[in-house]
>>> print(open('upload-v1.tsv').read())   # TSV, C-alpha atoms (C1' of nucleotides)
chain	number	residue	atom	x	y	z
A	2	MET	CA	76.13	-157.02	223.03
A	3	LEU	CA	74.69	-157.47	226.51
A	4	SER	CA	76.21	-160.05	228.81
A	5	ARG	CA	74.46	-163.37	229.17
A	6	GLN	CA	73.37	-162.54	232.71
A	7	VAL	CA	71.67	-159.33	231.62
A	8	ARG	CA	69.87	-161.09	228.78
A	9	TYR	CA	68.62	-163.69	231.25
A	10	PHE	CA	67.50	-160.93	233.60
A	11	LEU	CA	65.53	-159.29	230.78
A	12	ALA	CA	63.86	-162.59	229.90
A	13	VAL	CA	62.77	-163.28	233.49
A	14	ALA	CA	61.51	-159.71	233.89
A	15	GLU	CA	59.48	-159.96	230.69
A	16	HIS	CA	57.98	-163.38	231.38
A	17	GLN	CA	57.65	-162.91	235.14
A	18	SER	CA	58.76	-166.53	235.43
A	19	PHE	CA	62.07	-168.36	235.50
A	20	THR	CA	60.52	-171.39	233.84
A	21	ARG	CA	59.07	-169.55	230.84
A	22	ALA	CA	62.18	-167.36	230.53
A	23	ALA	CA	64.34	-170.50	230.39
A	24	GLU	CA	62.20	-171.89	227.58
A	25	ALA	CA	62.43	-168.61	225.68
A	26	MET	CA	66.24	-168.52	226.06
A	27	HIS	CA	66.60	-172.21	225.14
A	28	VAL	CA	68.38	-173.01	228.36
A	29	SER	CA	67.53	-175.19	231.35
A	30	GLN	CA	65.72	-173.46	234.17
A	31	PRO	CA	68.38	-174.21	236.83
A	32	ALA	CA	71.10	-172.76	234.60
A	33	LEU	CA	69.17	-169.53	234.14
A	34	SER	CA	68.30	-169.39	237.83
A	35	GLN	CA	71.95	-169.74	238.77
A	36	GLN	CA	73.05	-166.92	236.47
A	37	VAL	CA	70.42	-164.54	237.82
A	38	ARG	CA	71.46	-165.44	241.34
A	39	LEU	CA	75.12	-164.72	240.52
A	40	MET	CA	74.07	-161.42	238.96
A	41	GLU	CA	72.17	-160.42	242.10
A	42	GLU	CA	75.19	-161.32	244.22
A	43	SER	CA	77.63	-159.33	242.11
A	44	LEU	CA	75.27	-156.32	242.12
A	45	GLY	CA	74.61	-156.77	245.83
A	46	VAL	CA	70.90	-156.31	245.13
A	47	GLN	CA	67.86	-158.57	245.13
A	48	LEU	CA	66.28	-158.15	241.69
A	49	PHE	CA	63.33	-160.55	242.01
A	50	ASP	CA	60.88	-161.41	244.74
A	51	ARG	CA	60.54	-165.20	244.70
A	52	SER	CA	58.17	-165.53	247.65
A	53	GLY	CA	54.90	-167.10	246.67
A	54	ARG	CA	54.38	-168.78	243.29
A	55	MET	CA	54.65	-165.55	241.35
A	56	THR	CA	58.07	-164.16	240.38
A	57	ARG	CA	58.00	-160.35	240.58
A	58	LEU	CA	60.61	-157.64	240.19
A	59	THR	CA	61.66	-155.90	243.37
A	60	ASP	CA	61.74	-152.10	243.43
A	61	SER	CA	65.47	-152.24	242.72
A	62	GLY	CA	64.76	-154.69	239.91
A	63	GLU	CA	62.28	-152.28	238.33
A	64	VAL	CA	64.83	-149.50	238.49
A	65	TYR	CA	67.53	-151.65	236.98
A	66	LEU	CA	65.18	-152.84	234.24
A	67	GLN	CA	64.67	-149.28	232.98
A	68	TYR	CA	68.37	-148.80	232.32
A	69	VAL	CA	68.87	-152.26	230.89
A	70	ARG	CA	65.99	-151.70	228.46
A	71	ARG	CA	67.65	-148.53	227.17
A	72	ALA	CA	71.01	-150.27	226.82
A	73	SER	CA	69.33	-153.10	224.96
A	74	GLN	CA	67.71	-150.59	222.63
A	75	GLU	CA	71.13	-149.08	221.88
A	76	PHE	CA	72.35	-152.44	220.61
A	77	ARG	CA	69.27	-152.96	218.47
A	78	GLU	CA	69.89	-149.57	216.89
A	79	ALA	CA	73.62	-150.30	216.56
A	80	LYS	CA	72.89	-153.46	214.62
A	81	ARG	CA	70.54	-151.57	212.31
A	82	ALA	CA	73.09	-148.76	211.87
A	83	LEU	CA	75.82	-151.22	210.90
A	84	HIS	CA	73.46	-152.77	208.40
A	85	ASP	CA	72.69	-149.36	206.92
A	86	VAL	CA	76.40	-148.51	206.64
A	87	ASN	CA	76.91	-151.71	204.68
A	88	ASP	CA	74.02	-150.96	202.36
A	89	LEU	CA	75.29	-147.44	201.73
A	90	SER	CA	78.81	-148.58	200.88
A	91	ARG	CA	77.45	-151.19	198.45
A	92	GLU	CA	75.16	-148.61	196.90
A	93	GLY	CA	78.12	-146.22	196.68
A	94	CYS	CA	80.18	-148.82	194.84
A	95	GLY	CA	77.31	-149.27	192.39
A	96	TRP	CA	77.46	-145.57	191.57
A	97	GLN	CA	80.99	-145.75	190.26
B	25	MET	CA	76.53	-155.44	232.12
B	26	LEU	CA	78.20	-155.41	228.74
B	27	SER	CA	79.54	-158.65	227.31
B	28	ARG	CA	83.23	-159.29	227.56
B	29	GLN	CA	83.67	-158.84	223.81
B	30	VAL	CA	82.10	-155.39	223.87
B	31	ARG	CA	84.27	-154.33	226.81
B	32	TYR	CA	87.34	-155.48	224.89
B	33	PHE	CA	86.15	-153.55	221.84
B	34	LEU	CA	85.76	-150.40	223.93
B	35	ALA	CA	89.27	-150.81	225.35
B	36	VAL	CA	90.88	-151.22	221.92
B	37	ALA	CA	88.93	-148.27	220.53
B	38	GLU	CA	90.02	-146.07	223.42
B	39	HIS	CA	93.69	-147.07	223.36
B	40	GLN	CA	93.94	-147.44	219.58
B	41	SER	CA	96.11	-150.46	220.32
B	42	PHE	CA	95.50	-154.13	221.08
B	43	THR	CA	98.62	-154.31	223.21
B	44	ARG	CA	97.75	-151.38	225.48
B	45	ALA	CA	94.09	-152.44	225.65
B	46	ALA	CA	95.19	-155.90	226.79
B	47	GLU	CA	97.29	-154.38	229.57
B	48	ALA	CA	94.39	-152.18	230.66
B	49	MET	CA	92.00	-155.16	230.75
B	50	HIS	CA	94.55	-157.38	232.55
B	51	VAL	CA	94.42	-160.01	229.85
B	52	SER	CA	96.97	-161.32	227.38
B	53	GLN	CA	97.07	-159.62	224.01
B	54	PRO	CA	96.27	-162.77	221.97
B	55	ALA	CA	93.22	-163.48	224.15
B	56	LEU	CA	91.87	-159.98	223.57
B	57	SER	CA	92.69	-160.14	219.87
B	58	GLN	CA	90.81	-163.40	219.53
B	59	GLN	CA	87.68	-162.04	221.19
B	60	VAL	CA	87.62	-158.94	218.99
B	61	ARG	CA	88.08	-161.15	215.94
B	62	LEU	CA	85.15	-163.36	217.01
B	63	MET	CA	83.07	-160.26	217.59
B	64	GLU	CA	83.82	-158.96	214.09
B	65	GLU	CA	82.89	-162.34	212.64
B	66	SER	CA	79.59	-162.54	214.50
B	67	LEU	CA	78.72	-158.97	213.47
B	68	GLY	CA	79.90	-159.63	209.92
B	69	VAL	CA	81.76	-156.32	210.04
B	70	GLN	CA	85.40	-155.26	210.20
B	71	LEU	CA	85.66	-152.95	213.23
B	72	PHE	CA	89.39	-152.15	213.12
B	73	ASP	CA	91.89	-151.43	210.39
B	74	ARG	CA	95.07	-153.33	211.31
B	75	SER	CA	97.12	-152.40	208.25
B	76	GLY	CA	100.22	-150.41	209.10
B	77	ARG	CA	101.50	-150.09	212.65
B	78	MET	CA	98.56	-148.04	213.86
B	79	THR	CA	95.28	-149.73	214.87
B	80	ARG	CA	92.37	-147.53	213.78
B	81	LEU	CA	88.60	-147.90	213.85
B	82	THR	CA	86.96	-148.48	210.49
B	83	ASP	CA	83.95	-146.34	209.53
B	84	SER	CA	81.69	-149.14	210.72
B	85	GLY	CA	83.71	-149.35	213.92
B	86	GLU	CA	83.20	-145.62	214.57
B	87	VAL	CA	79.46	-146.02	214.06
B	88	TYR	CA	79.30	-149.01	216.38
B	89	LEU	CA	81.36	-147.22	219.01
B	90	GLN	CA	78.77	-144.44	219.30
B	91	TYR	CA	76.02	-146.87	220.27
B	92	VAL	CA	78.25	-148.93	222.54
B	93	ARG	CA	79.29	-145.78	224.40
B	94	ARG	CA	75.65	-144.91	225.07
B	95	ALA	CA	74.89	-148.46	226.23
B	96	SER	CA	77.91	-148.35	228.51
B	97	GLN	CA	76.67	-145.07	229.95
B	98	GLU	CA	73.30	-146.65	230.72
B	99	PHE	CA	75.01	-149.25	232.88
B	100	ARG	CA	77.07	-146.66	234.71
B	101	GLU	CA	73.85	-144.79	235.49
B	102	ALA	CA	72.07	-148.02	236.41
B	103	LYS	CA	74.75	-148.83	238.97
B	104	ARG	CA	74.46	-145.36	240.46
B	105	ALA	CA	70.65	-145.60	240.50
B	106	LEU	CA	70.77	-148.92	242.38
B	107	HIS	CA	73.15	-147.37	244.85
B	108	ASP	CA	70.80	-144.43	245.35
B	109	VAL	CA	67.82	-146.74	245.89
B	110	ASN	CA	69.77	-148.51	248.62
B	111	ASP	CA	70.73	-145.23	250.27
B	112	LEU	CA	67.13	-143.98	250.18
B	113	SER	CA	65.75	-147.15	251.76
B	114	ARG	CA	68.32	-146.98	254.55
B	115	GLU	CA	67.62	-143.31	255.05
B	116	GLY	CA	63.90	-144.10	255.07
B	117	CYS	CA	64.39	-146.67	257.79
B	118	GLY	CA	66.26	-144.10	259.82
B	119	TRP	CA	63.30	-141.75	259.63
B	120	GLN	CA	60.98	-144.12	261.45
C	3	DC	C1'	115.88	-156.16	212.78
C	4	DG	C1'	111.89	-154.31	216.00
C	5	DG	C1'	107.20	-153.52	217.42
C	6	DG	C1'	102.65	-155.21	217.04
C	7	DC	C1'	99.03	-158.42	215.63
C	8	DT	C1'	97.88	-163.33	214.58
C	9	DT	C1'	98.12	-168.42	214.77
C	10	DA	C1'	98.84	-172.72	217.30
C	11	DC	C1'	98.10	-175.40	221.21
C	12	DG	C1'	97.14	-177.23	225.80
C	13	DG	C1'	95.05	-176.29	230.43
C	14	DT	C1'	91.53	-174.51	233.41
C	15	DG	C1'	87.41	-172.30	234.96
C	16	DT	C1'	82.69	-171.27	233.98
C	17	DG	C1'	78.26	-172.29	232.40
C	18	DC	C1'	75.42	-176.09	231.24
C	19	DG	C1'	72.03	-180.22	231.86
C	20	DT	C1'	70.15	-183.98	234.70
C	21	DA	C1'	68.40	-185.37	238.92
C	22	DA	C1'	67.04	-184.71	243.63
C	23	DA	C1'	65.51	-181.48	247.26
C	24	DT	C1'	62.83	-177.61	249.07
C	25	DA	C1'	59.01	-174.53	249.33
C	26	DT	C1'	54.56	-172.47	248.47
C	27	DC	C1'	49.76	-172.84	247.63
D	16	DG	C1'	49.98	-183.09	245.93
D	17	DA	C1'	51.21	-179.98	242.12
D	18	DT	C1'	53.86	-176.31	240.40
D	19	DA	C1'	57.99	-173.47	240.66
D	20	DT	C1'	62.62	-172.51	242.21
D	21	DT	C1'	66.97	-174.11	244.34
D	22	DT	C1'	70.85	-177.32	245.30
D	23	DA	C1'	74.09	-181.00	243.95
D	24	DC	C1'	77.09	-182.85	240.78
D	25	DG	C1'	79.62	-184.05	236.61
D	26	DC	C1'	80.84	-182.66	232.00
D	27	DA	C1'	81.91	-179.98	227.91
D	28	DC	C1'	83.24	-175.96	225.80
D	29	DA	C1'	84.86	-171.32	225.70
D	30	DC	C1'	88.32	-168.37	227.22
D	31	DC	C1'	92.90	-167.82	228.57
D	32	DG	C1'	98.20	-167.85	228.63
D	33	DT	C1'	102.57	-169.25	226.50
D	34	DA	C1'	105.23	-169.69	222.53
D	35	DA	C1'	106.08	-169.36	217.75
D	36	DG	C1'	104.99	-167.04	213.28
D	37	DC	C1'	104.09	-163.07	210.29
D	38	DC	C1'	103.93	-158.47	208.56
D	39	DC	C1'	104.93	-153.83	208.00
D	40	DG	C1'	108.20	-150.06	208.74
>>> encode(input="upload-v1.tsv", output="structure tokens")
Amino acid sequence: MLSRQVRYFLAVAEHQSFTRAAEAMHVSQPALSQQVRLMEESLGVQLFDRSGRMTRLTDSGEVYLQYVRRASQEFREAKRALHDVNDLSREGCGWQ
Amino acid sequence: MLSRQVRYFLAVAEHQSFTRAAEAMHVSQPALSQQVRLMEESLGVQLFDRSGRMTRLTDSGEVYLQYVRRASQEFREAKRALHDVNDLSREGCGWQ
DNA sequence: CGGGCTTACGGTGTGCGTAAATATC
DNA sequence: GATATTTACGCACACCGTAAGCCCG
């Protein structure tokens, strides 16, 4: 699956708010803020613009979001594919 | 990025061996084994066949690997894209 | 026996929550 | 002054490494 930091990033990007993202992820807002900060440091890129009361993605953040969304989609499909494989094998056993 | 467990899964799948994967990831073999086990439990799916001396992917493992490879590729491209954005903005500043 | 994976068991680092501080409007 | 994010600070748990156990050739 995706790392915790990436899942937090996705939540903040979707909600455009650290506070609401923290609620959605069932984690305290400082904890989420810290992880996003660490992520920005390790990437060497500012992902969010925190000036003003609105939290907005930076241009780099928007770019990164595109790729992360596709990666996230891969895991959703993977989960479904595993489920289907299980169903098929059970169905196959029933045939015998 | 990808979660630690997924990166361990990728390493074992590539090396077809827990021992060699552990060396490649610079982690002890029991630690890696434990994480893969936890991953299998949380997915509810056996990813590797450990019978015999060879470690092989199960059918489900092969399926999962396909999606994980694509997700991994997304992050490689994301990293490159961020790098390119940085280069462009520096280049842009130079133009002024 | 020998190579390879698992189990058992402490120790440590990382992520967490609470509380206080800072900043923007 | 109110809302939103950051900083400070302990604490708990998850991950790790070492060592012993197990299984298949």
>>> closest_residue(input="upload-v1.tsv", among="B:His107, B:His50, B:Arg94, B:Arg114", to="chain D", atoms="all atoms listed in the file")
B:His50
>>> interface_residues(input="upload-v1.tsv", of="chain A", to="chain C", cutoff="10 Å", atoms="only C-alpha atoms (C1' of nucleotides)", output="PyMOL selection string")
chain A and resi 28-33+35-36+52-55
>>> residues_around(input="upload-v1.tsv", residues="B:Tyr91", least_positions_apart="5", cutoff="7 Å", atoms="only C-alpha atoms (C1' of nucleotides)", output="ChimeraX atom specification")
/A:75-76,79
>>> atom_distance(input="upload-v1.tsv", atom1="atom CA of A:Glu78", atom2="atom CA of B:Ala105")
24.0 Å
>>> interface_residues(input="upload-v1.tsv", of="chain A", to="chain B", cutoff="12 Å", atoms="only C-alpha atoms", output="number ranges by chain")
A: 2-11, 40-41, 43-48, 59-90
>>> atom_distance(input="upload-v1.tsv", atom1="atom C1' of D:DA34", atom2="atom CA of B:Thr43")
16.8 Å
>>> interface_residues(input="upload-v1.tsv", of="chain D", to="chain A", cutoff="8 Å", atoms="only C-alpha atoms (C1' of nucleotides)", output="PDB file with C-alpha atoms (C1' of nucleotides), keeping the file's coordinate frame")
ATOM      1  C1'  DA D  19      57.990-173.470 240.660  1.00  0.00           C
ATOM      2  C1'  DT D  20      62.620-172.510 242.210  1.00  0.00           C
ATOM      3  C1'  DT D  21      66.970-174.110 244.340  1.00  0.00           C
TER       4       DT D  21
END
>>> atom_distance(input="upload-v1.tsv", atom1="atom C1' of D:DG36", atom2="atom CA of B:Asp73")
20.6 Å
>>> calpha_fit_and_write(input="upload-v1.tsv", fixed="chain A", moving="chain B", output="PDB file with C-alpha atoms, in the frame of the given file")
ATOM      1  CA  MET B  25      76.179-157.043 223.041  1.00  0.00           C
ATOM      2  CA  LEU B  26      74.704-157.508 226.479  1.00  0.00           C
ATOM      3  CA  SER B  27      76.213-160.087 228.806  1.00  0.00           C
ATOM      4  CA  ARG B  28      74.459-163.388 229.148  1.00  0.00           C
ATOM      5  CA  GLN B  29      73.373-162.563 232.697  1.00  0.00           C
ATOM      6  CA  VAL B  30      71.673-159.353 231.611  1.00  0.00           C
ATOM      7  CA  ARG B  31      69.873-161.135 228.771  1.00  0.00           C
ATOM      8  CA  TYR B  32      68.630-163.726 231.256  1.00  0.00           C
ATOM      9  CA  PHE B  33      67.489-160.944 233.580  1.00  0.00           C
ATOM     10  CA  LEU B  34      65.545-159.316 230.750  1.00  0.00           C
ATOM     11  CA  ALA B  35      63.869-162.625 229.889  1.00  0.00           C
ATOM     12  CA  VAL B  36      62.767-163.287 233.476  1.00  0.00           C
ATOM     13  CA  ALA B  37      61.510-159.723 233.865  1.00  0.00           C
ATOM     14  CA  GLU B  38      59.487-159.990 230.668  1.00  0.00           C
ATOM     15  CA  HIS B  39      57.987-163.410 231.395  1.00  0.00           C
ATOM     16  CA  GLN B  40      57.651-162.906 235.153  1.00  0.00           C
ATOM     17  CA  SER B  41      58.745-166.526 235.433  1.00  0.00           C
ATOM     18  CA  PHE B  42      62.065-168.366 235.532  1.00  0.00           C
ATOM     19  CA  THR B  43      60.540-171.411 233.886  1.00  0.00           C
ATOM     20  CA  ARG B  44      59.085-169.581 230.882  1.00  0.00           C
ATOM     21  CA  ALA B  45      62.191-167.392 230.556  1.00  0.00           C
ATOM     22  CA  ALA B  46      64.338-170.532 230.436  1.00  0.00           C
ATOM     23  CA  GLU B  47      62.205-171.953 227.629  1.00  0.00           C
ATOM     24  CA  ALA B  48      62.425-168.683 225.705  1.00  0.00           C
ATOM     25  CA  MET B  49      66.227-168.578 226.075  1.00  0.00           C
ATOM     26  CA  HIS B  50      66.597-172.284 225.182  1.00  0.00           C
ATOM     27  CA  VAL B  51      68.384-173.058 228.411  1.00  0.00           C
ATOM     28  CA  SER B  52      67.518-175.206 231.405  1.00  0.00           C
ATOM     29  CA  GLN B  53      65.718-173.483 234.242  1.00  0.00           C
ATOM     30  CA  PRO B  54      68.405-174.198 236.887  1.00  0.00           C
ATOM     31  CA  ALA B  55      71.112-172.765 234.611  1.00  0.00           C
ATOM     32  CA  LEU B  56      69.158-169.543 234.154  1.00  0.00           C
ATOM     33  CA  SER B  57      68.317-169.380 237.849  1.00  0.00           C
ATOM     34  CA  GLN B  58      71.967-169.729 238.760  1.00  0.00           C
ATOM     35  CA  GLN B  59      73.052-166.907 236.468  1.00  0.00           C
ATOM     36  CA  VAL B  60      70.411-164.529 237.817  1.00  0.00           C
ATOM     37  CA  ARG B  61      71.463-165.434 241.348  1.00  0.00           C
ATOM     38  CA  LEU B  62      75.123-164.697 240.523  1.00  0.00           C
ATOM     39  CA  MET B  63      74.074-161.420 238.964  1.00  0.00           C
ATOM     40  CA  GLU B  64      72.168-160.403 242.099  1.00  0.00           C
ATOM     41  CA  GLU B  65      75.186-161.293 244.218  1.00  0.00           C
ATOM     42  CA  SER B  66      77.612-159.292 242.096  1.00  0.00           C
ATOM     43  CA  LEU B  67      75.252-156.294 242.110  1.00  0.00           C
ATOM     44  CA  GLY B  68      74.594-156.738 245.825  1.00  0.00           C
ATOM     45  CA  VAL B  69      70.890-156.291 245.111  1.00  0.00           C
ATOM     46  CA  GLN B  70      67.837-158.544 245.117  1.00  0.00           C
ATOM     47  CA  LEU B  71      66.259-158.136 241.663  1.00  0.00           C
ATOM     48  CA  PHE B  72      63.318-160.545 242.003  1.00  0.00           C
ATOM     49  CA  ASP B  73      60.875-161.411 244.742  1.00  0.00           C
ATOM     50  CA  ARG B  74      60.498-165.209 244.690  1.00  0.00           C
ATOM     51  CA  SER B  75      58.130-165.524 247.643  1.00  0.00           C
ATOM     52  CA  GLY B  76      54.774-166.984 246.693  1.00  0.00           C
ATOM     53  CA  ARG B  77      54.174-168.650 243.346  1.00  0.00           C
ATOM     54  CA  MET B  78      54.551-165.466 241.338  1.00  0.00           C
ATOM     55  CA  THR B  79      58.016-164.141 240.403  1.00  0.00           C
ATOM     56  CA  ARG B  80      57.972-160.338 240.576  1.00  0.00           C
ATOM     57  CA  LEU B  81      60.599-157.639 240.165  1.00  0.00           C
ATOM     58  CA  THR B  82      61.646-155.889 243.352  1.00  0.00           C
ATOM     59  CA  ASP B  83      61.727-152.075 243.403  1.00  0.00           C
ATOM     60  CA  SER B  84      65.445-152.231 242.685  1.00  0.00           C
ATOM     61  CA  GLY B  85      64.756-154.696 239.890  1.00  0.00           C
ATOM     62  CA  GLU B  86      62.257-152.290 238.289  1.00  0.00           C
ATOM     63  CA  VAL B  87      64.816-149.491 238.447  1.00  0.00           C
ATOM     64  CA  TYR B  88      67.524-151.663 236.930  1.00  0.00           C
ATOM     65  CA  LEU B  89      65.187-152.860 234.196  1.00  0.00           C
ATOM     66  CA  GLN B  90      64.666-149.302 232.936  1.00  0.00           C
ATOM     67  CA  TYR B  91      68.373-148.809 232.282  1.00  0.00           C
ATOM     68  CA  VAL B  92      68.875-152.288 230.860  1.00  0.00           C
ATOM     69  CA  ARG B  93      66.017-151.716 228.416  1.00  0.00           C
ATOM     70  CA  ARG B  94      67.676-148.542 227.138  1.00  0.00           C
ATOM     71  CA  ALA B  95      71.045-150.293 226.806  1.00  0.00           C
ATOM     72  CA  SER B  96      69.375-153.127 224.933  1.00  0.00           C
ATOM     73  CA  GLN B  97      67.774-150.606 222.598  1.00  0.00           C
ATOM     74  CA  GLU B  98      71.180-149.089 221.856  1.00  0.00           C
ATOM     75  CA  PHE B  99      72.408-152.450 220.613  1.00  0.00           C
ATOM     76  CA  ARG B 100      69.351-152.989 218.453  1.00  0.00           C
ATOM     77  CA  GLU B 101      69.987-149.588 216.872  1.00  0.00           C
ATOM     78  CA  ALA B 102      73.709-150.302 216.574  1.00  0.00           C
ATOM     79  CA  LYS B 103      72.998-153.474 214.619  1.00  0.00           C
ATOM     80  CA  ARG B 104      70.669-151.593 212.299  1.00  0.00           C
ATOM     81  CA  ALA B 105      73.216-148.780 211.880  1.00  0.00           C
ATOM     82  CA  LEU B 106      75.951-151.255 210.900  1.00  0.00           C
ATOM     83  CA  HIS B 107      73.583-152.802 208.416  1.00  0.00           C
ATOM     84  CA  ASP B 108      72.816-149.388 206.942  1.00  0.00           C
ATOM     85  CA  VAL B 109      76.518-148.543 206.646  1.00  0.00           C
ATOM     86  CA  ASN B 110      77.025-151.746 204.678  1.00  0.00           C
ATOM     87  CA  ASP B 111      74.091-150.986 202.395  1.00  0.00           C
ATOM     88  CA  LEU B 112      75.335-147.439 201.759  1.00  0.00           C
ATOM     89  CA  SER B 113      78.844-148.589 200.858  1.00  0.00           C
ATOM     90  CA  ARG B 114      77.470-151.161 198.427  1.00  0.00           C
ATOM     91  CA  GLU B 115      75.116-148.607 196.964  1.00  0.00           C
ATOM     92  CA  GLY B 116      78.031-146.178 196.709  1.00  0.00           C
ATOM     93  CA  CYS B 117      80.060-148.708 194.779  1.00  0.00           C
ATOM     94  CA  GLY B 118      77.161-149.159 192.410  1.00  0.00           C
ATOM     95  CA  TRP B 119      77.144-145.448 191.674  1.00  0.00           C
ATOM     96  CA  GLN B 120      80.643-145.459 190.237  1.00  0.00           C
TER      97      GLN B 120
END
